[in-house]
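Student: Next comes my_file_27.csv, CSV, C-alpha atoms:
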```
chain,number,residue,atom,x,y,z
R,1,MET,CA,20.4,-11.9,-11.1
R,2,THR,CA,22.6,-9.0,-10.3
R,3,LYS,CA,26.0,-9.3,-12.1
R,4,GLY,CA,28.6,-11.1,-10.0
R,5,MET,CA,26.1,-12.2,-7.4
R,6,SER,CA,25.7,-15.8,-6.2
R,7,PRO,CA,22.3,-17.4,-6.8
R,8,PRO,CA,21.5,-17.5,-3.0
R,9,ALA,CA,22.4,-13.8,-2.7
R,10,ALA,CA,20.3,-12.9,-5.8
R,11,VAL,CA,17.4,-14.8,-4.3
R,12,GLN,CA,17.8,-12.9,-1.0
R,13,GLU,CA,18.0,-9.6,-2.9
R,14,HIS,CA,14.8,-10.4,-4.8
R,15,ALA,CA,13.0,-11.4,-1.5
R,16,ASP,CA,14.1,-8.2,0.1
R,17,LEU,CA,12.8,-6.2,-2.9
R,18,VAL,CA,9.4,-8.0,-2.7
R,19,ARG,CA,9.3,-7.4,1.0
R,20,GLU,CA,10.0,-3.7,0.7
R,21,ARG,CA,7.4,-3.2,-2.0
R,22,LEU,CA,4.7,-5.2,-0.2
R,23,LYS,CA,5.4,-3.3,3.0
R,24,GLU,CA,4.7,0.0,1.1
R,25,ARG,CA,1.5,-1.5,-0.4
R,26,ILE,CA,0.2,-2.6,3.0
R,27,TYR,CA,1.1,0.7,4.6
R,28,ALA,CA,-0.8,2.5,1.7
R,29,SER,CA,-3.8,0.1,2.1
R,30,ILE,CA,-4.1,0.9,5.8
R,31,THR,CA,-3.8,4.6,5.2
R,32,LEU,CA,-6.3,4.5,2.4
R,33,LEU,CA,-8.8,2.6,4.5
R,34,ALA,CA,-8.9,5.6,6.9
R,35,VAL,CA,-9.4,8.0,4.0
R,36,LEU,CA,-12.0,5.9,2.3
R,37,VAL,CA,-14.1,5.4,5.4
R,38,GLY,CA,-13.9,9.1,6.1
R,39,LEU,CA,-15.2,9.9,2.6
R,40,ALA,CA,-17.9,7.2,2.8
R,41,GLN,CA,-19.3,8.5,6.0
R,42,SER,CA,-18.9,12.2,5.3
R,43,GLY,CA,-22.3,12.6,3.9
R,44,ARG,CA,-22.3,13.4,0.3
R,45,PRO,CA,-18.8,13.7,-1.1
R,46,THR,CA,-18.6,14.5,-4.8
R,47,HIS,CA,-16.8,12.2,-7.2
R,48,LEU,CA,-14.1,14.9,-7.7
R,49,ILE,CA,-13.5,15.4,-4.0
R,50,ALA,CA,-13.3,11.6,-3.5
R,51,ALA,CA,-10.9,11.1,-6.4
R,52,VAL,CA,-8.7,14.0,-5.4
R,53,SER,CA,-8.7,12.8,-1.8
R,54,VAL,CA,-7.6,9.3,-2.8
R,55,ALA,CA,-5.0,10.5,-5.3
R,56,VAL,CA,-3.6,13.2,-3.0
R,57,THR,CA,-3.3,10.7,-0.2
R,58,ALA,CA,-1.4,8.2,-2.3
R,59,LEU,CA,0.8,11.0,-3.7
R,60,GLY,CA,1.4,12.4,-0.3
R,61,LEU,CA,2.5,9.1,1.1
R,62,TRP,CA,4.8,8.6,-1.8
R,63,LEU,CA,6.4,12.0,-1.5
R,64,ALA,CA,6.8,11.6,2.2
R,65,THR,CA,8.6,8.3,1.7
R,66,LEU,CA,10.9,9.9,-0.9
R,67,VAL,CA,11.7,12.8,1.3
R,68,ALA,CA,12.3,10.5,4.3
R,69,ASP,CA,14.6,8.2,2.3
R,70,LEU,CA,16.5,11.1,0.8
R,71,GLN,CA,17.0,12.6,4.2
R,72,ALA,CA,17.9,9.3,5.9
R,73,HIS,CA,20.4,8.2,3.3
R,74,PRO,CA,23.2,10.7,4.0
R,75,VAL,CA,22.8,10.1,7.8
R,76,ALA,CA,23.2,6.3,7.3
R,77,HIS,CA,25.8,6.3,4.5
R,78,GLY,CA,27.6,9.6,4.9
R,79,ARG,CA,26.8,10.6,1.3
R,80,MET,CA,23.9,11.6,-0.9
R,81,PRO,CA,22.2,8.7,-2.7
R,82,ARG,CA,23.4,7.8,-6.2
R,83,LEU,CA,21.2,7.4,-9.2
R,84,PRO,CA,20.8,3.6,-8.8
R,85,GLU,CA,19.8,4.1,-5.2
R,86,ILE,CA,17.3,6.7,-6.2
R,87,ARG,CA,15.9,4.4,-8.8
R,88,HIS,CA,15.6,1.7,-6.2
R,89,THR,CA,13.7,4.0,-3.9
R,90,LEU,CA,11.4,5.0,-6.7
R,91,PHE,CA,10.7,1.4,-7.6
R,92,VAL,CA,10.2,0.2,-4.0
R,93,SER,CA,7.9,3.1,-3.2
R,94,SER,CA,5.7,2.9,-6.3
R,95,PRO,CA,3.1,0.7,-4.6
R,96,LEU,CA,2.2,3.8,-2.6
R,97,LEU,CA,0.9,5.3,-5.8
R,98,THR,CA,-0.6,2.2,-7.4
R,99,SER,CA,-2.6,1.5,-4.2
R,100,ALA,CA,-5.0,4.3,-5.3
R,101,ALA,CA,-5.8,2.5,-8.6
R,102,GLY,CA,-8.6,0.3,-7.4
R,103,PRO,CA,-10.5,3.0,-5.4
R,104,LEU,CA,-10.0,5.5,-8.3
R,105,LEU,CA,-11.4,3.0,-10.8
R,106,LEU,CA,-14.4,2.4,-8.6
R,107,ILE,CA,-14.9,6.2,-8.1
R,108,GLY,CA,-14.7,6.5,-11.9
R,109,VAL,CA,-17.3,3.7,-12.4
R,110,SER,CA,-19.5,5.5,-10.0
R,111,ALA,CA,-19.1,8.8,-11.8
R,112,LEU,CA,-20.4,7.0,-14.9
R,113,GLY,CA,-23.6,6.2,-13.0
R,114,ALA,CA,-23.0,2.4,-12.5
R,115,LEU,CA,-23.2,2.6,-8.8
R,116,HIS,CA,-23.7,5.2,-6.0
R,117,LEU,CA,-20.4,6.9,-4.9
R,118,THR,CA,-20.9,5.8,-1.2
R,119,THR,CA,-21.3,2.2,-2.5
R,120,ALA,CA,-18.1,2.5,-4.5
R,121,LEU,CA,-16.2,3.8,-1.5
R,122,TRP,CA,-17.5,1.0,0.8
R,123,ILE,CA,-16.5,-1.6,-1.9
R,124,SER,CA,-13.1,0.0,-1.9
R,125,VAL,CA,-12.9,-0.3,1.8
R,126,GLY,CA,-13.9,-4.0,1.6
R,127,SER,CA,-11.4,-4.6,-1.2
R,128,GLU,CA,-8.6,-3.1,0.9
R,129,VAL,CA,-9.5,-5.2,3.9
R,130,ALA,CA,-9.7,-8.3,1.6
R,131,ALA,CA,-6.3,-7.4,0.2
R,132,LEU,CA,-4.8,-7.3,3.7
R,133,ALA,CA,-6.3,-10.7,4.4
R,134,GLY,CA,-5.0,-12.0,1.1
R,135,TRP,CA,-1.5,-10.9,1.8
R,136,GLY,CA,-1.7,-12.6,5.2
R,137,PHE,CA,-2.8,-15.8,3.6
R,138,VAL,CA,0.0,-15.7,1.0
R,139,GLY,CA,2.5,-14.9,3.8
R,140,GLY,CA,1.3,-17.9,5.7
R,141,ARG,CA,1.7,-20.1,2.7
R,142,ARG,CA,5.1,-18.8,1.9
R,143,ALA,CA,6.2,-19.4,5.5
R,144,GLY,CA,5.1,-23.0,5.2
R,145,ALA,CA,1.9,-22.8,7.3
R,146,ARG,CA,-0.8,-25.3,6.7
R,147,LEU,CA,-4.2,-24.2,5.5
R,148,PHE,CA,-5.6,-23.5,9.0
R,149,GLY,CA,-2.5,-21.3,9.9
R,150,CYS,CA,-2.9,-19.4,6.6
R,151,LEU,CA,-6.5,-18.7,7.3
R,152,VAL,CA,-5.7,-17.5,10.9
R,153,THR,CA,-3.0,-15.2,9.5
R,154,ALA,CA,-5.5,-13.9,6.9
R,155,ALA,CA,-8.1,-13.4,9.5
R,156,LEU,CA,-5.7,-11.5,11.8
R,157,ASN,CA,-4.7,-9.2,8.9
R,158,ALA,CA,-8.4,-8.6,8.1
R,159,VAL,CA,-8.9,-7.8,11.8
R,160,ILE,CA,-6.2,-5.1,11.6
R,161,GLY,CA,-7.9,-3.6,8.5
R,162,ALA,CA,-11.3,-3.8,10.2
R,163,GLY,CA,-9.8,-2.2,13.3
R,164,VAL,CA,-8.8,0.8,11.2
R,165,VAL,CA,-12.3,1.0,9.8
R,166,ALA,CA,-13.8,0.6,13.4
R,167,VAL,CA,-11.6,3.4,14.7
R,168,LYS,CA,-12.7,5.7,11.9
R,169,LEU,CA,-16.4,4.8,12.4
R,170,VAL,CA,-16.2,5.4,16.2
R,171,ALA,CA,-14.3,8.6,15.7
R,172,GLY,CA,-17.1,9.7,13.3
R,173,HIS,CA,-14.9,11.3,10.7
```
Can you give me the file's structure in the form of structure tokens?

Tutor:
Amino acid sequence: MTKGMSPPAAVQEHADLVRERLKERIYASITLLAVLVGLAQSGRPTHLIAAVSVAVTALGLWLATLVADLQAHPVAHGRMPRLPEIRHTLFVSSPLLTSAAGPLLLIGVSALGALHLTTALWISVGSEVAALAGWGFVGGRRAGARLFGCLVTAALNAVIGAGVVAVKLVAGH
């Protein structure tokens, strides 16, 4: 609990922090889906190209978020962000970087010869869609929905992820 903060305010602050971090993770998942599908259908990407593409995408998203936050802060608050606010932004935006961990791990396993790179990329796509569904299910549970409602929310989130995949497949790149 933050010093001097009432328990309900501390709970709200924690919930807001979780929301912000999860929002960044979901945004990164959707963006990575497009990159992963593009790599998987590109023909014969190398392990290095796939790894660099995933890492640079995550890094680019993270840097864009930092730049946007640092530019928006003075407009909203009339001053530059202070160190605690910068630390908060770094913490909240970190899921943009960690979102690349799973795909990079699978690319690494593929580089060791355990599976074909295209297979690793499609498994990454599936895991990102499954993660979106999982967050939908958890969100439904936290909102008090019954099992059927949670499953519907999970399915809708999976449809969003599958929609990104479909658009990439139809676009052909």

Student: Using 12 Å as the limit and counting all atoms listed in the file, can you tabulate each residue of range 121-141 of chain R that touches range 88-99 of chain R, with its shortest atom-to-atom distance in Å and the two atoms involved, as CSV?

Tutor:
```
residue,atom,partner,partner_atom,distance
R:Ser124,CA,R:Ser99,CA,10.9
R:Ser127,CA,R:Ser99,CA,11.1
R:Glu128,CA,R:Ser99,CA,9.1
R:Ala131,CA,R:Ser99,CA,10.6
```

Student: Write out as a PyMOL selection string each polymer residue whose atoms come within 12 Å of Arg19 in chain R, counting all atoms listed in the file; drop sequence neighbours fewer than 4 positions from it.

Tutor: chain R and resi 12-15+23-26+92-93+95+135+139

Student: List the spatial neighbours of Thr119 in chain R as JSON, numbers by chain - criterion: any atom at most 10 Å away, only C-alpha atoms, same-chain residues fewer than 4 positions off excluded.

Tutor: {"R": [40, 106, 107, 110, 115, 123, 124, 125]}

Student: Please indicate the distance in Å from CA of Leu169 in chain R to CA of Ala64 in chain R, rounded to one decimal place.

Tutor: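 Those two atoms sit 26.2 Å apart.
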
Student: Could you check which of R:Gly126, R:Gly60, R:Pro74, R:Pro81 is closest to Ala162 in chain R, using all atoms listed in the file?

Tutor: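 Under the stated criterion, the closest residue is R:Gly126.
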
Student: In Å, with one decimal, what is the gap from CA of Val164 in chain R to CA of Ile30 in chain R?

Tutor: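 Taking CA of Val164 in chain R as the start and CA of Ile30 in chain R as the end point, the length is 7.2 Å.
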
Student: Hey, what's within 10 Å of Ala133 in chain R if we count all atoms listed in the file and toss same-chain stuff fewer than 4 positions away? As a PyMOL selection string, please?

Tutor: chain R and resi 127-129+137-139+150-161

Student: Restricting the output to C-alpha atoms, write the selected residues as a PDB file, in the frame of the given file.

Tutor:
```pdb
ATOM      1  CA  SER R 127     -11.400  -4.600  -1.200  1.00  0.00           C
ATOM      2  CA  GLU R 128      -8.600  -3.100   0.900  1.00  0.00           C
ATOM      3  CA  VAL R 129      -9.500  -5.200   3.900  1.00  0.00           C
ATOM      4  CA  PHE R 137      -2.800 -15.800   3.600  1.00  0.00           C
ATOM      5  CA  VAL R 138       0.000 -15.700   1.000  1.00  0.00           C
ATOM      6  CA  GLY R 139       2.500 -14.900   3.800  1.00  0.00           C
ATOM      7  CA  CYS R 150      -2.900 -19.400   6.600  1.00  0.00           C
ATOM      8  CA  LEU R 151      -6.500 -18.700   7.300  1.00  0.00           C
ATOM      9  CA  VAL R 152      -5.700 -17.500  10.900  1.00  0.00           C
ATOM     10  CA  THR R 153      -3.000 -15.200   9.500  1.00  0.00           C
ATOM     11  CA  ALA R 154      -5.500 -13.900   6.900  1.00  0.00           C
ATOM     12  CA  ALA R 155      -8.100 -13.400   9.500  1.00  0.00           C
ATOM     13  CA  LEU R 156      -5.700 -11.500  11.800  1.00  0.00           C
ATOM     14  CA  ASN R 157      -4.700  -9.200   8.900  1.00  0.00           C
ATOM     15  CA  ALA R 158      -8.400  -8.600   8.100  1.00  0.00           C
ATOM     16  CA  VAL R 159      -8.900  -7.800  11.800  1.00  0.00           C
ATOM     17  CA  ILE R 160      -6.200  -5.100  11.600  1.00  0.00           C
ATOM     18  CA  GLY R 161      -7.900  -3.600   8.500  1.00  0.00           C
TER      19      GLY R 161
END
```

Student: Quick one: pull the distance between CA of Leu61 in chain R and CA of Val18 in chain R, Å, one decimal.

Tutor: 18.8 Å

Student: Point out the residue among R:Ser6, R:Ser29, R:Gln71, R:Thr118 with the least atom-to-atom distance to Gln41 in chain R, counting all atoms listed in the file.

Tutor: R:Thr118

Student: For range 100-111 of chain R, where the input has fewer atoms than it should, I would like all heavy atoms rebuilt and written as an mmCIF file, in the coordinates of the input.

Tutor:
```
data_model
loop_
_atom_site.group_PDB
_atom_site.id
_atom_site.type_symbol
_atom_site.label_atom_id
_atom_site.label_comp_id
_atom_site.auth_asym_id
_atom_site.auth_seq_id
_atom_site.Cartn_x
_atom_site.Cartn_y
_atom_site.Cartn_z
ATOM 1 N N ALA R 100 -3.784 3.443 -5.086
ATOM 2 C CA ALA R 100 -5.000 4.300 -5.300
ATOM 3 C C ALA R 100 -5.746 3.807 -6.575
ATOM 4 O O ALA R 100 -6.876 4.252 -6.784
ATOM 5 C CB ALA R 100 -4.551 5.731 -5.512
ATOM 6 N N ALA R 101 -5.174 2.911 -7.372
ATOM 7 C CA ALA R 101 -5.800 2.500 -8.600
ATOM 8 C C ALA R 101 -7.183 1.934 -8.465
ATOM 9 O O ALA R 101 -8.131 2.327 -9.157
ATOM 10 C CB ALA R 101 -4.890 1.565 -9.403
ATOM 11 N N GLY R 102 -7.335 0.979 -7.570
ATOM 12 C CA GLY R 102 -8.600 0.300 -7.400
ATOM 13 C C GLY R 102 -9.709 1.313 -6.916
ATOM 14 O O GLY R 102 -10.777 1.396 -7.545
ATOM 15 N N PRO R 103 -9.459 2.060 -5.836
ATOM 16 C CA PRO R 103 -10.500 3.000 -5.400
ATOM 17 C C PRO R 103 -10.764 4.088 -6.505
ATOM 18 O O PRO R 103 -11.928 4.457 -6.699
ATOM 19 C CB PRO R 103 -9.840 3.693 -4.180
ATOM 20 C CG PRO R 103 -8.951 2.634 -3.626
ATOM 21 C CD PRO R 103 -8.391 1.921 -4.825
ATOM 22 N N LEU R 104 -9.739 4.540 -7.224
ATOM 23 C CA LEU R 104 -10.000 5.500 -8.300
ATOM 24 C C LEU R 104 -10.826 4.922 -9.412
ATOM 25 O O LEU R 104 -11.705 5.594 -9.965
ATOM 26 C CB LEU R 104 -8.674 6.088 -8.828
ATOM 27 C CG LEU R 104 -7.941 7.043 -7.896
ATOM 28 C CD1 LEU R 104 -6.570 7.396 -8.464
ATOM 29 C CD2 LEU R 104 -8.759 8.298 -7.637
ATOM 30 N N LEU R 105 -10.572 3.664 -9.728
ATOM 31 C CA LEU R 105 -11.400 3.000 -10.800
ATOM 32 C C LEU R 105 -12.832 2.900 -10.314
ATOM 33 O O LEU R 105 -13.747 3.202 -11.096
ATOM 34 C CB LEU R 105 -10.805 1.591 -11.030
ATOM 35 C CG LEU R 105 -11.578 0.756 -12.047
ATOM 36 C CD1 LEU R 105 -11.517 1.410 -13.427
ATOM 37 C CD2 LEU R 105 -11.020 -0.643 -12.098
ATOM 38 N N LEU R 106 -13.067 2.518 -9.074
ATOM 39 C CA LEU R 106 -14.400 2.400 -8.600
ATOM 40 C C LEU R 106 -15.115 3.795 -8.503
ATOM 41 O O LEU R 106 -16.307 3.912 -8.801
ATOM 42 C CB LEU R 106 -14.460 1.734 -7.208
ATOM 43 C CG LEU R 106 -14.276 0.225 -7.272
ATOM 44 C CD1 LEU R 106 -13.922 -0.349 -5.915
ATOM 45 C CD2 LEU R 106 -15.529 -0.435 -7.822
ATOM 46 N N ILE R 107 -14.380 4.813 -8.139
ATOM 47 C CA ILE R 107 -14.900 6.200 -8.100
ATOM 48 C C ILE R 107 -15.303 6.567 -9.566
ATOM 49 O O ILE R 107 -16.356 7.158 -9.817
ATOM 50 C CB ILE R 107 -13.956 7.179 -7.492
ATOM 51 C CG1 ILE R 107 -13.818 6.883 -5.988
ATOM 52 C CG2 ILE R 107 -14.401 8.618 -7.737
ATOM 53 C CD1 ILE R 107 -12.651 7.579 -5.320
ATOM 54 N N GLY R 108 -14.448 6.214 -10.520
ATOM 55 C CA GLY R 108 -14.700 6.500 -11.900
ATOM 56 C C GLY R 108 -15.968 5.770 -12.432
ATOM 57 O O GLY R 108 -16.803 6.347 -13.135
ATOM 58 N N VAL R 109 -16.099 4.494 -12.065
ATOM 59 C CA VAL R 109 -17.300 3.700 -12.400
ATOM 60 C C VAL R 109 -18.531 4.357 -11.846
ATOM 61 O O VAL R 109 -19.573 4.458 -12.501
ATOM 62 C CB VAL R 109 -17.123 2.237 -12.003
ATOM 63 C CG1 VAL R 109 -18.433 1.482 -12.091
ATOM 64 C CG2 VAL R 109 -16.041 1.555 -12.823
ATOM 65 N N SER R 110 -18.406 4.826 -10.624
ATOM 66 C CA SER R 110 -19.500 5.500 -10.000
ATOM 67 C C SER R 110 -19.869 6.806 -10.698
ATOM 68 O O SER R 110 -21.044 7.128 -10.880
ATOM 69 C CB SER R 110 -19.179 5.791 -8.513
ATOM 70 O OG SER R 110 -20.159 6.609 -7.931
ATOM 71 N N ALA R 111 -18.858 7.523 -11.120
ATOM 72 C CA ALA R 111 -19.100 8.800 -11.800
ATOM 73 C C ALA R 111 -19.846 8.548 -13.144
ATOM 74 O O ALA R 111 -20.585 9.418 -13.615
ATOM 75 C CB ALA R 111 -17.781 9.506 -12.102
#
```
